[in-house]
Structure formats: structure tokens, C-alpha cells
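K.L.:
Provided herewith: data.csv, CSV, C-alpha atoms and all ligand atoms.
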```csv
chain,number,residue,atom,x,y,z
A,1,MET,CA,-19.6,-30.3,-47.1
A,2,PRO,CA,-15.9,-30.7,-48.2
A,3,THR,CA,-13.4,-29.4,-45.6
A,4,PHE,CA,-9.7,-29.1,-45.5
A,5,LYS,CA,-6.9,-28.1,-43.1
A,6,GLU,CA,-3.9,-25.8,-43.9
A,7,GLU,CA,-1.0,-24.3,-42.1
A,8,GLY,CA,-0.8,-20.6,-42.9
A,9,ILE,CA,-0.2,-17.1,-41.9
A,10,VAL,CA,-2.7,-14.2,-42.1
A,11,ILE,CA,-1.3,-11.6,-44.5
A,12,ARG,CA,-4.3,-9.3,-44.9
A,13,LYS,CA,-7.6,-8.7,-43.1
A,14,LYS,CA,-10.7,-6.7,-43.9
A,15,ASP,CA,-13.7,-6.1,-41.7
A,16,PHE,CA,-16.9,-7.2,-43.2
A,17,GLY,CA,-20.4,-6.4,-42.1
A,18,GLU,CA,-21.1,-6.1,-38.4
A,19,ALA,CA,-19.0,-8.8,-36.9
A,20,ASP,CA,-17.1,-10.7,-39.6
A,21,LYS,CA,-13.7,-10.6,-41.3
A,22,ILE,CA,-12.4,-11.5,-44.7
A,23,LEU,CA,-8.8,-12.8,-44.4
A,24,THR,CA,-6.1,-13.5,-46.9
A,25,ILE,CA,-4.1,-16.4,-45.6
A,26,TYR,CA,-0.8,-17.5,-47.2
A,27,THR,CA,-0.9,-21.3,-46.8
A,28,ARG,CA,1.9,-23.8,-47.0
A,29,GLY,CA,0.0,-26.3,-49.2
A,30,ARG,CA,-2.4,-24.2,-51.3
A,31,GLY,CA,-0.7,-20.8,-51.6
A,32,ARG,CA,-2.8,-17.7,-51.1
A,33,ILE,CA,-6.4,-18.2,-50.0
A,34,THR,CA,-9.1,-15.6,-49.3
A,35,ALA,CA,-11.5,-16.8,-46.6
A,36,PHE,CA,-14.5,-15.7,-44.7
A,37,ALA,CA,-14.3,-15.6,-40.9
A,38,PRO,CA,-17.8,-15.2,-39.6
A,39,GLY,CA,-18.2,-13.7,-36.1
A,40,ALA,CA,-14.4,-13.0,-35.9
A,41,ARG,CA,-14.9,-9.4,-34.6
A,42,LYS,CA,-17.3,-10.2,-31.8
A,43,VAL,CA,-15.5,-9.2,-28.5
A,44,THR,CA,-16.4,-12.6,-27.0
A,45,SER,CA,-15.2,-14.6,-30.1
A,46,ARG,CA,-12.4,-17.0,-29.5
A,47,LYS,CA,-11.6,-16.4,-33.2
A,48,THR,CA,-10.3,-12.9,-32.6
A,49,SER,CA,-6.7,-13.7,-32.0
A,50,ALA,CA,-6.6,-16.5,-34.6
A,51,THR,CA,-7.7,-14.0,-37.2
A,52,GLU,CA,-5.3,-11.2,-36.3
A,53,LEU,CA,-2.8,-10.0,-38.9
A,54,PHE,CA,0.4,-12.1,-39.0
A,55,THR,CA,-1.0,-14.9,-36.8
A,56,HIS,CA,0.5,-18.3,-37.8
A,57,GLY,CA,-1.5,-21.5,-37.3
A,58,TYR,CA,-3.5,-24.4,-38.6
A,59,TYR,CA,-6.8,-23.3,-40.1
A,60,PHE,CA,-9.7,-25.5,-41.0
A,61,PHE,CA,-11.9,-24.5,-43.9
A,62,HIS,CA,-15.3,-25.4,-45.4
A,63,LYS,CA,-15.1,-25.2,-49.1
A,64,GLY,CA,-17.6,-22.4,-50.0
A,65,LYS,CA,-19.3,-21.7,-53.2
A,66,ASN,CA,-17.7,-18.2,-53.6
A,67,MET,CA,-15.3,-18.2,-50.7
A,68,ASP,CA,-13.9,-20.7,-48.3
A,69,VAL,CA,-15.1,-20.4,-44.7
A,70,ILE,CA,-12.9,-20.7,-41.6
A,71,THR,CA,-14.5,-23.0,-39.1
A,72,GLU,CA,-11.7,-24.0,-36.7
A,73,TRP,CA,-8.1,-23.1,-36.0
A,74,GLU,CA,-5.1,-23.9,-33.8
A,75,ILE,CA,-2.7,-21.0,-33.2
A,76,LEU,CA,1.0,-21.9,-33.5
A,77,ASN,CA,2.4,-18.3,-33.0
A,78,THR,CA,0.5,-15.0,-32.6
A,79,PHE,CA,3.6,-13.0,-33.5
A,80,TYR,CA,2.1,-10.2,-31.3
A,81,GLN,CA,5.4,-8.3,-31.4
A,82,LEU,CA,4.6,-7.5,-35.1
A,83,ARG,CA,1.5,-5.6,-34.0
A,84,ASP,CA,2.6,-4.1,-30.7
A,85,ASP,CA,5.8,-2.4,-32.0
A,86,LEU,CA,5.1,0.4,-34.5
A,87,ASN,CA,8.4,0.0,-36.3
A,88,LYS,CA,8.0,-3.8,-36.6
A,89,ALA,CA,4.4,-3.5,-37.6
A,90,ALA,CA,5.3,-1.1,-40.5
A,91,LEU,CA,8.0,-3.5,-41.6
A,92,ALA,CA,5.7,-6.6,-41.4
A,93,PHE,CA,3.0,-4.8,-43.4
A,94,TYR,CA,5.6,-4.0,-46.0
A,95,MET,CA,6.8,-7.6,-46.2
A,96,ALA,CA,3.2,-8.9,-46.5
A,97,GLU,CA,2.5,-6.4,-49.3
A,98,LEU,CA,5.7,-7.4,-51.1
A,99,LEU,CA,4.9,-11.1,-50.7
A,100,ASN,CA,1.5,-10.4,-52.1
A,101,ALA,CA,3.0,-8.8,-55.2
A,102,PHE,CA,4.9,-12.1,-55.9
A,103,LEU,CA,1.9,-14.4,-55.3
A,104,VAL,CA,-0.6,-16.0,-57.7
A,105,ASP,CA,-3.8,-17.3,-56.1
A,106,GLY,CA,-3.9,-21.1,-55.5
A,107,GLN,CA,-0.2,-21.6,-56.4
A,108,PRO,CA,1.8,-23.0,-53.4
A,109,HIS,CA,5.5,-22.3,-53.3
A,110,TYR,CA,7.1,-23.9,-50.2
A,111,PRO,CA,10.5,-22.1,-50.4
A,112,THR,CA,8.7,-18.7,-50.4
A,113,TYR,CA,6.3,-19.8,-47.6
A,114,ARG,CA,9.3,-20.8,-45.4
A,115,LEU,CA,11.2,-17.7,-46.3
A,116,PHE,CA,8.3,-15.5,-45.3
A,117,LEU,CA,7.6,-17.3,-42.1
A,118,GLU,CA,11.2,-17.3,-41.0
A,119,SER,CA,11.7,-13.7,-41.9
A,120,MET,CA,8.6,-12.7,-39.9
A,121,SER,CA,9.7,-14.8,-37.0
A,122,LEU,CA,13.2,-13.2,-37.0
A,123,LEU,CA,11.7,-9.7,-37.3
A,124,SER,CA,9.3,-10.4,-34.4
A,125,ARG,CA,12.1,-11.5,-32.1
A,126,ALA,CA,14.7,-8.9,-33.3
A,127,LYS,CA,16.0,-6.6,-30.6
A,128,GLU,CA,17.9,-4.4,-33.0
A,129,ASN,CA,18.7,-4.3,-36.8
A,130,HIS,CA,15.1,-5.0,-37.7
A,131,GLU,CA,15.7,-3.9,-41.3
A,132,LEU,CA,18.3,-6.6,-41.9
A,133,TRP,CA,15.6,-9.3,-42.1
A,134,VAL,CA,13.5,-7.2,-44.4
A,135,ARG,CA,16.4,-6.6,-46.8
A,136,ALA,CA,17.3,-10.3,-46.7
A,137,PHE,CA,13.7,-11.2,-47.4
A,138,GLU,CA,13.6,-8.8,-50.4
A,139,VAL,CA,16.6,-10.2,-52.2
A,140,LYS,CA,15.9,-13.8,-51.3
A,141,ALA,CA,12.2,-13.5,-52.5
A,142,LEU,CA,13.4,-12.0,-55.8
A,143,ASN,CA,15.7,-14.9,-56.2
A,144,HIS,CA,13.0,-17.5,-55.4
A,145,HIS,CA,10.9,-16.1,-58.2
A,146,GLY,CA,13.5,-16.0,-60.8
A,147,PHE,CA,13.9,-12.2,-60.8
A,148,GLY,CA,17.6,-12.2,-60.0
A,149,PRO,CA,19.4,-10.1,-59.2
A,150,GLU,CA,22.5,-11.4,-60.9
A,151,LEU,CA,25.4,-10.2,-58.7
A,152,TYR,CA,28.5,-12.1,-60.0
A,153,GLN,CA,28.8,-11.7,-63.8
A,154,CYS,CA,27.2,-9.7,-66.6
A,155,ALA,CA,23.4,-10.5,-66.5
A,156,SER,CA,23.3,-9.8,-70.2
A,157,CYS,CA,26.4,-11.5,-71.8
A,158,THR,CA,27.8,-13.4,-68.8
A,159,ASN,CA,31.2,-11.7,-69.2
A,160,PRO,CA,33.1,-11.0,-66.0
A,161,LEU,CA,32.4,-7.7,-64.3
A,162,SER,CA,34.6,-4.7,-64.8
A,163,VAL,CA,36.2,-2.9,-61.9
A,164,GLU,CA,33.2,-0.5,-62.0
A,165,LYS,CA,30.1,-2.3,-60.9
A,166,TYR,CA,27.3,-1.4,-63.2
A,167,PHE,CA,23.8,-2.4,-62.1
A,168,GLN,CA,20.9,-2.3,-64.5
A,169,VAL,CA,17.4,-3.6,-63.5
A,170,GLY,CA,16.3,-4.1,-67.1
A,171,HIS,CA,19.0,-6.6,-67.6
A,172,GLY,CA,18.5,-8.3,-64.2
A,173,GLY,CA,21.4,-7.2,-62.1
A,174,THR,CA,25.1,-6.5,-62.6
A,175,VAL,CA,26.2,-5.9,-66.1
A,176,CYS,CA,29.6,-5.3,-67.9
A,177,ARG,CA,30.6,-2.0,-69.2
A,178,ASP,CA,29.7,-3.0,-72.8
A,179,CYS,CA,26.2,-4.0,-71.9
A,180,PHE,CA,25.4,-1.1,-69.5
A,181,GLU,CA,23.0,1.5,-70.9
A,182,ASP,CA,21.6,3.2,-67.8
A,183,GLY,CA,21.1,2.4,-64.2
A,184,LEU,CA,23.2,2.5,-61.1
A,185,LEU,CA,27.0,2.5,-60.5
A,186,LEU,CA,27.6,0.5,-57.3
A,187,THR,CA,30.6,0.6,-55.1
A,188,GLU,CA,32.4,-2.7,-54.4
A,189,ASP,CA,31.2,-2.5,-50.8
A,190,GLN,CA,27.5,-2.0,-51.8
A,191,LEU,CA,27.7,-5.0,-54.2
A,192,LEU,CA,29.4,-7.2,-51.6
A,193,PHE,CA,26.8,-6.4,-49.0
A,194,ILE,CA,23.9,-7.3,-51.3
A,195,ARG,CA,25.7,-10.5,-52.2
A,196,LYS,CA,25.8,-11.3,-48.5
A,197,LEU,CA,22.1,-10.7,-48.1
A,198,ALA,CA,21.4,-13.1,-50.9
A,199,ARG,CA,23.9,-15.8,-50.0
A,200,LEU,CA,24.1,-16.0,-46.2
A,201,ASN,CA,21.7,-18.1,-44.2
A,202,TRP,CA,19.8,-16.8,-41.2
A,203,ASN,CA,22.5,-17.9,-38.7
A,204,GLU,CA,25.3,-16.3,-40.7
A,205,LEU,CA,23.2,-13.1,-41.1
A,206,SER,CA,22.6,-12.9,-37.4
A,207,ARG,CA,26.3,-12.8,-36.8
A,208,LEU,CA,27.0,-10.4,-39.7
A,209,ARG,CA,28.8,-7.2,-38.7
A,210,TYR,CA,28.1,-4.2,-40.8
A,211,GLU,CA,27.8,-0.4,-40.8
A,212,ASP,CA,24.4,1.4,-40.8
A,213,HIS,CA,25.2,3.0,-44.2
A,214,GLN,CA,25.5,-0.4,-45.8
A,215,LEU,CA,22.0,-1.3,-44.8
A,216,ILE,CA,20.7,2.1,-45.8
A,217,ASP,CA,22.4,1.8,-49.3
A,218,SER,CA,21.0,-1.7,-49.8
A,219,GLU,CA,17.5,-0.4,-49.0
A,220,LYS,CA,17.8,2.2,-51.8
A,221,ILE,CA,19.3,-0.2,-54.3
A,222,LEU,CA,16.8,-3.0,-53.6
A,223,ALA,CA,13.8,-0.5,-53.6
A,224,HIS,CA,14.9,0.7,-57.1
A,225,TYR,CA,15.2,-3.0,-58.3
A,226,LEU,CA,11.8,-4.0,-56.8
A,227,ARG,CA,10.0,-1.0,-58.2
A,228,GLU,CA,11.3,-1.7,-61.7
A,229,THR,CA,10.9,-5.4,-61.5
A,230,LEU,CA,7.4,-5.5,-60.0
A,231,GLU,CA,6.4,-2.4,-61.9
A,232,LYS,CA,4.6,-0.9,-58.9
A,233,GLU,CA,5.1,1.2,-55.9
A,234,LEU,CA,4.3,-0.5,-52.7
A,235,SER,CA,2.2,1.7,-50.5
A,236,ALA,CA,3.5,0.1,-47.3
A,237,ALA,CA,7.0,1.4,-48.1
A,238,ASP,CA,5.6,4.9,-47.3
A,239,PHE,CA,4.1,3.5,-44.1
A,240,VAL,CA,7.6,2.3,-43.1
A,241,LYS,CA,9.0,5.8,-43.7
A,242,GLN,CA,6.1,7.4,-41.7
A,243,ALA,CA,6.6,5.0,-38.8
A,244,ARG,CA,10.3,5.9,-38.8
A,245,ARG,CA,9.5,9.6,-38.5
A,246,GLU,CA,6.9,8.9,-35.8
A,247,ILE,CA,9.4,7.0,-33.8
A,248,LYS,CA,12.0,9.8,-34.2
A,249,ILE,CA,9.4,12.4,-33.0
A,250,THR,CA,8.5,10.2,-30.0
A,251,ALA,CA,12.1,9.8,-29.1
A,252,ARG,CA,12.7,13.6,-29.2
A,253,LYS,CA,9.7,14.3,-27.0
A,254,LYS,CA,11.0,12.1,-24.2
B,301,ZN,ZN,27.8,-7.8,-70.8
```
Can the structure from this file be put into C-alpha cells for me?
P.N.:
Amino acid sequence: MPTFKEEGIVIRKKDFGEADKILTIYTRGRGRITAFAPGARKVTSRKTSATELFTHGYYFFHKGKNMDVITEWEILNTFYQLRDDLNKAALAFYMAELLNAFLVDGQPHYPTYRLFLESMSLLSRAKENHELWVRAFEVKALNHHGFGPELYQCASCTNPLSVEKYFQVGHGGTVCRDCFEDGLLLTEDQLLFIRKLARLNWNELSRLRYEDHQLIDSEKILAHYLRETLEKELSAADFVKQARREIKITARKK
């Protein structure tokens, strides 16, 4: 039976039957794969941790008729922090769902694989500013897939931007006054912050100083852009809001 090995990260899991799981694994070399993990839910199974959500490792597959079957594995990182912390879990769910919206089965894309893995790793280790890594992932993933956003000139006619910063999703980012029809009017500060998210590397971002409102504004602007670009609402975005509320309530009760 043909077998293959892939490095990957579990981005979705579904219980199946009494003791099995069906996993979606985003792999480095083959893109998104859906695979069957027999016996993965048995309490005694060694497979349990390797088949947890967000686990990163090497997976060995049997090529199945309808679905590939996971036979062996080697864990590189369990990323347990992404399951143990409610806020991080909500954000990681959201990032996995967003990633899924960009992917096409069987089409590997190494820059996106690396971006996702690095963002998840930074989120898992983050002591504060968890959302910074999510915002950076959003704008960089859009970029990788050719969805813009243009942030430096008019996305429609390439003219320089006016003093007022118009932002129109339908045109793919910033637009000049002549091309603007409807959309958002950004402040200079809001635009500069999104440019930083897009341009700075992880090291530079980890040293970035910013105010809370800059991160909150960028969330709204990027959510608007993603909704229009992907033409769908991500259900995990609600989960993030819910988790935030839960955490606030817990904090108050103490
Ligand atoms: Zn223009």
C-alpha cells in the first residue's frame, strides 16, 4: 500500500464512530489533507495527543481509497497553550478557520504554511498582546494570496493618495479621492498601523510599541476587509467575542 510522510499541523478534528477521528491537517508539502485516525479517541491510545487540535508534527499516511489513513506520527510541538487558555484557544480557532477559507485542497503553499505555523507559535508563547499576532496573520495571509490590501497608492488608478485616506474593499485597499465610491475613511494613524502589520517581520513586531485603540481599530478595519474579500462571515469570530466576554466575567467574579 502506498505510504507518505508529511510535516503538518492539525487544523480541524471531528469525532467519528466510537473511537475514531477525522482530521484536517495542513501540510507543508501537500497543502490541506483530510485523514482518518482510527482509534484516536481511545483513552489508552498513544495517538490522542498527536491528533489534538493545533498539534504540529510529522504524520505518516497510508494512501486510502476515499481518505488517507494516519498510521504513525512524531510530535514536534503540541502547542498545548492554544487549548488550555480560553482566549488563546478562541484566537487559534479563528486563525484556523481563516486559514481554511484561503485554502484549496491538495495545493501546497509554503509561505502560507510558514506564516500560519509561526503565528500559532507566537500566539502560544504570548504573555500579552495576543491579538497582535492574529492581526499580523490576517493582513499577511491576505497579501500571500494576492488579496492586497494596497496601502501605499490608489489601488484603482495607482495615483498617490490624498491627505484623506480612503479605503475601499471592492478596489483592493486604499484609493484616491477620484476613485473612491464608498467604504471607509481611515485616519493617518490607522493606515500607518496596518502598514506596520503588513511590513514588519516577527522580531520587529515583537518590539512594536502601540496603543490598545490601534489594535482595536485594525481589528475592525481588517474584519471589514476580510468579510468583503472572502464573502463570508467566520463563525469563529463570534467565538472570539464570546471568549472575551467570558474572560471579563471571570475577572469580575474574582
Ligand atoms: Zn485612483
K.L.:
Go through the chains and note each residue within 10 Å of ligand ZN 301 (chain B), using all atoms listed in the file, then give the set as a list in words.
P.N.:
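Those within range of ligand ZN 301 (chain B) are Gln153, Cys154, Ala155, Ser156, Cys157, Thr158, Asn159, Pro160, Leu161, Ser162, Tyr166, His171, Thr174, Val175, Cys176, Arg177, Asp178, Cys179 and Phe180 of chain A.
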K.L.:
Identify which of the residues A:Leu86, A:Ala96, A:Leu185, A:Leu222 lies closest to Gly148 in chain A, counting only C-alpha atoms when measuring atom-to-atom distances.
P.N.:
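Among A:Leu86, A:Ala96, A:Leu185, A:Leu222, it is A:Leu222 that comes nearest to Gly148 in chain A.
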K.L.:
As a list in words, please: the residues near Asp15 in chain A (cut-off 10 Å, all atoms listed in the file, same-chain neighbours under 6 positions excluded).
P.N.:
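The residues that qualify are Lys21, Ile22, Leu23, Ala37, Ala40 and Arg41 of chain A.
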K.L.:
Gly8 in chain A: which residues within 9 Å, counting all atoms listed in the file, same-chain residues fewer than 6 positions away excluded, as JSON, numbers by chain?
P.N.:
{"A": [25, 26, 27, 28, 29, 31, 32, 55, 56, 57, 58, 59, 113]}
K.L.:
Write the residues of the selection above to a file with C-alpha atoms, as a compact mmCIF listing (two decimals), in the coordinates of the input.
P.N.:
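Final output, selection_19.txt:
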```txt
# COMPACT_ATOMS: atom_id res chain seq x y z
CA ILE A 25 -4.10 -16.40 -45.60
CA TYR A 26 -0.80 -17.50 -47.20
CA THR A 27 -0.90 -21.30 -46.80
CA ARG A 28 1.90 -23.80 -47.00
CA GLY A 29 0.00 -26.30 -49.20
CA GLY A 31 -0.70 -20.80 -51.60
CA ARG A 32 -2.80 -17.70 -51.10
CA THR A 55 -1.00 -14.90 -36.80
CA HIS A 56 0.50 -18.30 -37.80
CA GLY A 57 -1.50 -21.50 -37.30
CA TYR A 58 -3.50 -24.40 -38.60
CA TYR A 59 -6.80 -23.30 -40.10
CA TYR A 113 6.30 -19.80 -47.60
```
K.L.:
Would you work out the distance separating CA of Trp202 in chain A from CA of Pro108 in chain A, expressed in Å to one decimal?
P.N.:
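These atoms are spaced 22.6 Å apart.
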K.L.:
Could you tell me how far CA of His62 in chain A lies from CA of Phe4 in chain A, in Å and to one decimal?
P.N.:
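The value is 6.7 Å.
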